[in-house]
$ cat upload.pdb   # PDB, C-alpha atoms
ATOM      1  CA  MET S 552      41.279 -39.876 -47.932
ATOM      2  CA  LYS S 553      40.256 -36.199 -48.099
ATOM      3  CA  MET S 554      37.871 -36.999 -50.957
ATOM      4  CA  THR S 555      36.212 -39.758 -48.884
ATOM      5  CA  LYS S 556      35.707 -37.398 -45.945
ATOM      6  CA  ALA S 557      34.219 -34.773 -48.260
ATOM      7  CA  VAL S 558      31.806 -37.280 -49.828
ATOM      8  CA  VAL S 559      30.750 -38.609 -46.402
ATOM      9  CA  ALA S 560      30.267 -35.063 -45.057
ATOM     10  CA  ALA S 561      28.240 -34.060 -48.129
ATOM     11  CA  GLY S 562      26.136 -37.228 -47.900
ATOM     12  CA  LEU S 563      25.488 -36.640 -44.205
ATOM     13  CA  ALA S 564      24.479 -33.027 -44.878
ATOM     14  CA  VAL S 565      22.054 -34.124 -47.607
ATOM     15  CA  MET S 566      20.504 -36.810 -45.376
ATOM     16  CA  LEU S 567      20.040 -34.428 -42.442
ATOM     17  CA  GLY S 568      18.653 -31.703 -44.678
ATOM     18  CA  ALA S 569      16.274 -34.120 -46.403
ATOM     19  CA  GLY S 570      14.960 -35.297 -43.039
ATOM     20  CA  SER S 571      14.001 -31.795 -41.976
ATOM     21  CA  ALA S 572      12.459 -31.022 -45.376
ATOM     22  CA  VAL S 573      10.168 -34.072 -45.104
ATOM     23  CA  ALA S 574       8.935 -33.202 -41.583
ATOM     24  CA  ALA S 575       5.219 -32.388 -41.725
ATOM     25  CA  GLU S 576       3.049 -29.913 -39.857
ATOM     26  CA  ASN S 577       1.112 -31.271 -36.896
ATOM     27  CA  PRO S 578      -2.216 -32.531 -38.357
ATOM     28  CA  MET S 579      -4.296 -30.824 -35.618
ATOM     29  CA  THR S 580      -3.162 -27.288 -36.520
ATOM     30  CA  GLY S 581      -5.921 -25.138 -38.022
ATOM     31  CA  LYS S 582      -8.663 -27.684 -37.282
ATOM     32  CA  PHE S 583     -11.506 -27.684 -34.756
ATOM     33  CA  GLY S 584     -11.702 -30.660 -32.405
ATOM     34  CA  LEU S 585     -14.835 -31.744 -30.576
ATOM     35  CA  GLY S 586     -14.726 -34.298 -27.798
ATOM     36  CA  TYR S 587     -14.403 -35.148 -24.137
ATOM     37  CA  GLN S 588     -12.375 -33.702 -21.263
ATOM     38  CA  GLY S 589     -12.476 -35.191 -17.776
ATOM     39  CA  VAL S 590     -10.749 -34.451 -14.481
ATOM     40  CA  PHE S 591      -9.788 -37.729 -12.770
ATOM     41  CA  ALA S 592      -7.360 -36.858  -9.991
ATOM     42  CA  GLY S 593      -8.331 -33.961  -7.748
ATOM     43  CA  ASP S 594     -12.009 -33.402  -8.512
ATOM     44  CA  ILE S 595     -14.053 -35.934 -10.471
ATOM     45  CA  LEU S 596     -15.687 -33.912 -13.231
ATOM     46  CA  GLN S 597     -16.439 -34.719 -16.865
ATOM     47  CA  GLY S 598     -17.732 -32.729 -19.797
ATOM     48  CA  ILE S 599     -17.772 -31.882 -23.464
ATOM     49  CA  SER S 600     -14.932 -29.965 -25.014
ATOM     50  CA  GLY S 601     -14.100 -27.938 -28.110
ATOM     51  CA  ARG S 602     -10.409 -27.408 -28.931
ATOM     52  CA  TYR S 603      -8.752 -25.374 -31.687
ATOM     53  CA  TRP S 604      -5.042 -24.900 -32.501
ATOM     54  CA  ALA S 605      -4.942 -21.605 -34.450
ATOM     55  CA  THR S 606      -1.216 -21.944 -35.173
ATOM     56  CA  GLU S 607       1.439 -24.555 -34.465
ATOM     57  CA  ASN S 608       2.066 -22.908 -31.074
ATOM     58  CA  PHE S 609      -1.189 -21.249 -29.911
ATOM     59  CA  GLY S 610      -4.559 -22.808 -29.162
ATOM     60  CA  GLY S 611      -7.685 -22.560 -27.055
ATOM     61  CA  GLU S 612     -10.333 -24.806 -25.570
ATOM     62  CA  LEU S 613     -13.893 -24.371 -24.275
ATOM     63  CA  ASN S 614     -15.290 -26.909 -21.797
ATOM     64  CA  LEU S 615     -18.750 -27.427 -20.366
ATOM     65  CA  PHE S 616     -18.786 -29.656 -17.279
ATOM     66  CA  TYR S 617     -21.874 -31.028 -15.569
ATOM     67  CA  GLY S 618     -21.913 -32.996 -12.337
ATOM     68  CA  ARG S 619     -24.749 -34.386 -10.229
ATOM     69  CA  ALA S 620     -24.636 -35.877  -6.749
ATOM     70  CA  GLY S 621     -27.429 -37.424  -4.700
ATOM     71  CA  PHE S 622     -27.870 -37.359  -0.935
ATOM     72  CA  ASP S 623     -30.191 -38.885   1.681
ATOM     73  CA  VAL S 624     -30.738 -37.501   5.159
ATOM     74  CA  GLU S 625     -31.817 -39.917   7.869
ATOM     75  CA  GLU S 626     -32.739 -39.278  11.488
ATOM     76  CA  SER S 627     -33.013 -42.201  13.917
ATOM     77  CA  GLY S 628     -33.012 -44.665  10.994
ATOM     78  CA  THR S 629     -35.904 -42.930   9.235
ATOM     79  CA  GLU S 630     -35.355 -41.124   5.943
ATOM     80  CA  VAL S 631     -36.100 -37.432   6.426
ATOM     81  CA  PHE S 632     -35.586 -36.358   2.841
ATOM     82  CA  ASP S 633     -33.976 -37.387  -0.430
ATOM     83  CA  GLY S 634     -32.137 -34.851  -2.544
ATOM     84  CA  HIS S 635     -29.591 -34.059  -5.227
ATOM     85  CA  GLY S 636     -27.203 -31.294  -6.201
ATOM     86  CA  ASP S 637     -26.135 -30.115  -9.650
ATOM     87  CA  LEU S 638     -22.956 -28.328 -10.743
ATOM     88  CA  LEU S 639     -22.668 -26.613 -14.114
ATOM     89  CA  LEU S 640     -19.210 -25.182 -14.910
ATOM     90  CA  GLY S 641     -17.890 -23.517 -18.065
ATOM     91  CA  THR S 642     -14.147 -22.999 -18.604
ATOM     92  CA  LEU S 643     -11.843 -21.417 -21.183
ATOM     93  CA  LYS S 644      -8.237 -22.525 -21.726
ATOM     94  CA  LEU S 645      -5.463 -20.633 -23.477
ATOM     95  CA  MET S 646      -2.550 -22.861 -24.499
ATOM     96  CA  TYR S 647       1.011 -22.277 -25.746
ATOM     97  CA  SER S 648       2.991 -25.143 -27.268
ATOM     98  CA  PRO S 649       6.775 -24.596 -27.252
ATOM     99  CA  ILE S 650       7.421 -28.131 -28.576
ATOM    100  CA  VAL S 651       5.510 -29.340 -31.656
ATOM    101  CA  LYS S 652       6.266 -32.555 -33.496
ATOM    102  CA  GLU S 653       4.478 -34.343 -36.297
ATOM    103  CA  ASN S 654       2.370 -36.562 -33.983
ATOM    104  CA  SER S 655       2.570 -34.768 -30.643
ATOM    105  CA  ARG S 656       2.883 -31.475 -28.862
ATOM    106  CA  PHE S 657       3.841 -30.362 -25.339
ATOM    107  CA  TYR S 658       1.978 -27.295 -24.071
ATOM    108  CA  VAL S 659       1.474 -25.034 -21.077
ATOM    109  CA  GLY S 660      -1.593 -22.978 -20.364
ATOM    110  CA  LEU S 661      -4.002 -21.153 -18.128
ATOM    111  CA  GLU S 662      -7.656 -22.050 -17.566
ATOM    112  CA  GLY S 663     -10.400 -19.962 -15.988
ATOM    113  CA  GLY S 664     -14.039 -20.738 -15.390
ATOM    114  CA  ILE S 665     -17.319 -19.897 -13.711
ATOM    115  CA  GLY S 666     -20.223 -22.076 -12.658
ATOM    116  CA  SER S 667     -23.199 -22.489 -10.359
ATOM    117  CA  VAL S 668     -24.579 -25.056  -7.926
ATOM    118  CA  ASN S 669     -28.223 -25.970  -7.346
ATOM    119  CA  ALA S 670     -29.523 -28.290  -4.602
ATOM    120  CA  GLU S 671     -32.994 -29.772  -4.171
ATOM    121  CA  ALA S 672     -34.550 -32.088  -1.596
ATOM    122  CA  ASP S 673     -37.947 -33.689  -2.226
ATOM    123  CA  ASP S 674     -38.288 -31.419  -5.318
ATOM    124  CA  VAL S 675     -37.888 -28.250  -3.215
ATOM    125  CA  ASP S 676     -34.882 -25.893  -3.459
ATOM    126  CA  VAL S 677     -32.658 -26.398  -0.421
ATOM    127  CA  LEU S 678     -30.646 -23.229  -0.972
ATOM    128  CA  ASP S 679     -32.448 -19.906  -1.130
ATOM    129  CA  GLY S 680     -29.361 -17.977  -2.234
ATOM    130  CA  ASP S 681     -26.903 -18.293  -5.108
ATOM    131  CA  ILE S 682     -23.826 -20.519  -5.079
ATOM    132  CA  THR S 683     -21.189 -19.438  -7.597
ATOM    133  CA  VAL S 684     -17.988 -21.350  -8.387
ATOM    134  CA  TYR S 685     -14.886 -19.644  -9.797
ATOM    135  CA  THR S 686     -11.803 -21.550 -10.896
ATOM    136  CA  ILE S 687      -8.379 -20.664 -12.277
ATOM    137  CA  ASN S 688      -5.504 -23.018 -12.896
ATOM    138  CA  PRO S 689      -2.098 -23.085 -14.535
ATOM    139  CA  PHE S 690      -1.274 -26.431 -16.166
ATOM    140  CA  PHE S 691       0.962 -28.309 -18.580
ATOM    141  CA  GLY S 692       0.093 -31.190 -20.862
ATOM    142  CA  ALA S 693       0.676 -33.145 -24.030
ATOM    143  CA  GLU S 694      -1.512 -34.093 -26.973
ATOM    144  CA  TYR S 695      -0.863 -37.097 -29.221
ATOM    145  CA  ASN S 696      -2.248 -38.422 -32.462
ATOM    146  CA  PHE S 697      -1.426 -41.537 -34.447
ATOM    147  CA  THR S 698      -0.249 -41.607 -38.061
ATOM    148  CA  GLU S 699      -3.043 -44.089 -38.842
ATOM    149  CA  LEU S 700      -5.678 -41.832 -37.158
ATOM    150  CA  PRO S 701      -4.452 -38.243 -37.602
ATOM    151  CA  GLU S 702      -7.885 -36.750 -36.836
ATOM    152  CA  LEU S 703      -8.001 -38.224 -33.292
ATOM    153  CA  GLY S 704      -6.139 -36.307 -30.577
ATOM    154  CA  LEU S 705      -5.564 -37.785 -27.098
ATOM    155  CA  ASN S 706      -4.360 -35.482 -24.329
ATOM    156  CA  PHE S 707      -3.448 -35.404 -20.652
ATOM    157  CA  GLU S 708      -2.881 -32.400 -18.391
ATOM    158  CA  VAL S 709      -1.477 -31.824 -14.904
ATOM    159  CA  GLY S 710      -1.923 -28.593 -12.993
ATOM    160  CA  TYR S 711      -3.001 -26.841  -9.811
ATOM    161  CA  LYS S 712      -6.621 -25.634  -9.499
ATOM    162  CA  PHE S 713      -7.701 -22.722  -7.354
ATOM    163  CA  HIS S 714     -11.467 -22.907  -6.634
ATOM    164  CA  ASN S 715     -13.568 -20.315  -4.872
ATOM    165  CA  VAL S 716     -17.122 -21.261  -3.918
ATOM    166  CA  SER S 717     -19.269 -18.301  -2.897
ATOM    167  CA  TYR S 718     -22.725 -18.528  -1.293
ATOM    168  CA  GLU S 719     -24.844 -15.405  -0.948
ATOM    169  CA  GLU S 720     -28.268 -15.113   0.657
ATOM    170  CA  ASP S 721     -29.691 -11.730   1.671
ATOM    171  CA  ASP S 722     -27.097 -10.364   4.180
ATOM    172  CA  PHE S 723     -25.237 -13.679   4.540
ATOM    173  CA  ASP S 724     -22.019 -14.341   2.552
ATOM    174  CA  PHE S 725     -19.973 -17.522   2.787
ATOM    175  CA  ASP S 726     -16.743 -18.262   0.824
ATOM    176  CA  VAL S 727     -14.859 -21.558   0.566
ATOM    177  CA  ASN S 728     -11.490 -22.017  -1.149
ATOM    178  CA  LEU S 729     -10.705 -25.477  -2.573
ATOM    179  CA  ASP S 730      -7.205 -25.777  -4.026
ATOM    180  CA  GLY S 731      -5.252 -28.775  -5.237
ATOM    181  CA  THR S 732      -3.419 -30.693  -7.922
ATOM    182  CA  PHE S 733      -5.433 -32.247 -10.738
ATOM    183  CA  VAL S 734      -4.913 -34.639 -13.650
ATOM    184  CA  SER S 735      -7.254 -34.597 -16.628
ATOM    185  CA  LEU S 736      -7.613 -36.729 -19.755
ATOM    186  CA  GLY S 737      -9.270 -35.914 -23.043
ATOM    187  CA  ALA S 738     -10.028 -37.109 -26.553
ATOM    188  CA  HIS S 739     -10.962 -34.856 -29.481
ATOM    189  CA  TYR S 740     -11.939 -35.607 -33.066
ATOM    190  CA  TYR S 741     -10.527 -32.924 -35.397
ATOM    191  CA  PHE S 742     -12.573 -31.839 -38.447
TER     192      PHE S 742
END

$ encode --input "upload.pdb" --output "structure tokens"
Amino acid sequence: MKMTKAVVAAGLAVMLGAGSAVAAENPMTGKFGLGYQGVFAGDILQGISGRYWATENFGGELNLFYGRAGFDVEESGTEVFDGHGDLLLGTLKLMYSPIVKENSRFYVGLEGGIGSVNAEADDVDVLDGDITVYTINPFFGAEYNFTELPELGLNFEVGYKFHNVSYEEDDFDFDVNLDGTFVSLGAHYYF
């Protein structure tokens, strides 16, 4: 009976040890990923993204978002002018992944960014001053890849964005704070 227990214990130890020896590094580590990142809940904003995991646990991401909105102003049923506004926003993310598995990772991070807004109506600048947008947000997320497609990473993130919109014209300063929860989705192809 003691011999059977010893053989079972040794066999179990070998099986558990072999399982950890076969575990592979996450296929996204040390590779650059280029793709898409979009904010869907909170603000609607989409852009291109570059992501790099320098080690199993530390990574970074650069995003360039562009948004455009149109507007019409009418008075007494007559169109007064037709216009549009543009937002260009660049952000940098620093990410730490405390949990890394072969096909996924859970991470936390901090993102900061700066951008500008331009508005025109009938091809004339509506705003004489500068509108600057600052953003900072803590977040958490997860990134997945499939064994069949190890170069494709799909991610989602949830966090809280703090926005500051600042308008300056001559002696006039105007600040607006826009804060709220956001959810973003992304897809990156790793080279």

$ residues_near_point --input "upload.pdb" --point "(-0.5, -26.4, -33.8)" --cutoff "12 Å" --atoms "all atoms listed in the file" --output "number ranges by chain"
S: 575-583, 602-611, 646-658, 693-695, 704

$ atom_distance --input "upload.pdb" --atom1 "atom CA of Thr698 of chain S" --atom2 "atom CA of Gln588 of chain S"
22.2 Å

$ closest_atom_pairs --input "upload.pdb" --of "segment 581-691 of chain S" --to "segment 714-724 of chain S" --cutoff "6 Å" --atoms "only C-alpha atoms" --output "tab-separated table"
residue	atom	partner	partner_atom	distance
S:Gly680	CA	S:Glu720	CA	4.2
S:Asp681	CA	S:Glu719	CA	5.5
S:Ile682	CA	S:Tyr718	CA	4.4
S:Thr683	CA	S:Ser717	CA	5.2
S:Val684	CA	S:Val716	CA	4.6
S:Tyr685	CA	S:Asn715	CA	5.1
S:Thr686	CA	S:His714	CA	4.5

$ closest_residue --input "upload.pdb" --among "S:Leu729, S:Leu736, S:Val668, S:Leu645" --to "Gly618 of chain S" --atoms "all atoms listed in the file"
S:Val668

$ atom_distance --input "upload.pdb" --atom1 "atom CA of Val590 of chain S" --atom2 "atom CA of Val624 of chain S"
28.2 Å

$ atom_distance --input "upload.pdb" --atom1 "atom CA of Ser667 of chain S" --atom2 "atom CA of Val709 of chain S"
24.1 Å

$ closest_residue --input "upload.pdb" --among "S:Gly601, S:Gly586, S:Gly636, S:Gly692" --to "Ala738 of chain S" --atoms "all atoms listed in the file"
S:Gly586

$ residues_around --input "upload.pdb" --residues "Ile599 of chain S" --least-positions-apart "2" --cutoff "6 Å" --atoms "only C-alpha atoms" --output "list in words"
Gly586, Tyr587, Asn614 and Leu615 of chain S

$ write_last_selection --input "upload.pdb" --atoms "C-alpha atoms" --output "PDB file, in the frame of the given file"
ATOM      1  CA  GLY S 586     -14.726 -34.298 -27.798  1.00  0.00           C
ATOM      2  CA  TYR S 587     -14.403 -35.148 -24.137  1.00  0.00           C
ATOM      3  CA  ASN S 614     -15.290 -26.909 -21.797  1.00  0.00           C
ATOM      4  CA  LEU S 615     -18.750 -27.427 -20.366  1.00  0.00           C
TER       5      LEU S 615
END

$ closest_residue --input "upload.pdb" --among "S:Leu640, S:Leu585, S:Ile687, S:Leu700" --to "Gly663 of chain S" --atoms "only C-alpha atoms"
S:Ile687

$ residues_around --input "upload.pdb" --residues "Phe713 of chain S" --least-positions-apart "4" --cutoff "12 Å" --atoms "all atoms listed in the file" --output "list in words"
Gly593, Asp594, Leu661, Glu662, Gly663, Gly664, Ile665, Val684, Tyr685, Thr686, Ile687, Asn688, Pro689, Phe690, Val727, Asn728, Leu729, Asp730, Gly731, Thr732 and Phe733 of chain S

$ closest_residue --input "upload.pdb" --among "S:Asn669, S:Gly584, S:Lys644, S:His739" --to "Tyr617 of chain S" --atoms "only C-alpha atoms"
S:Asn669
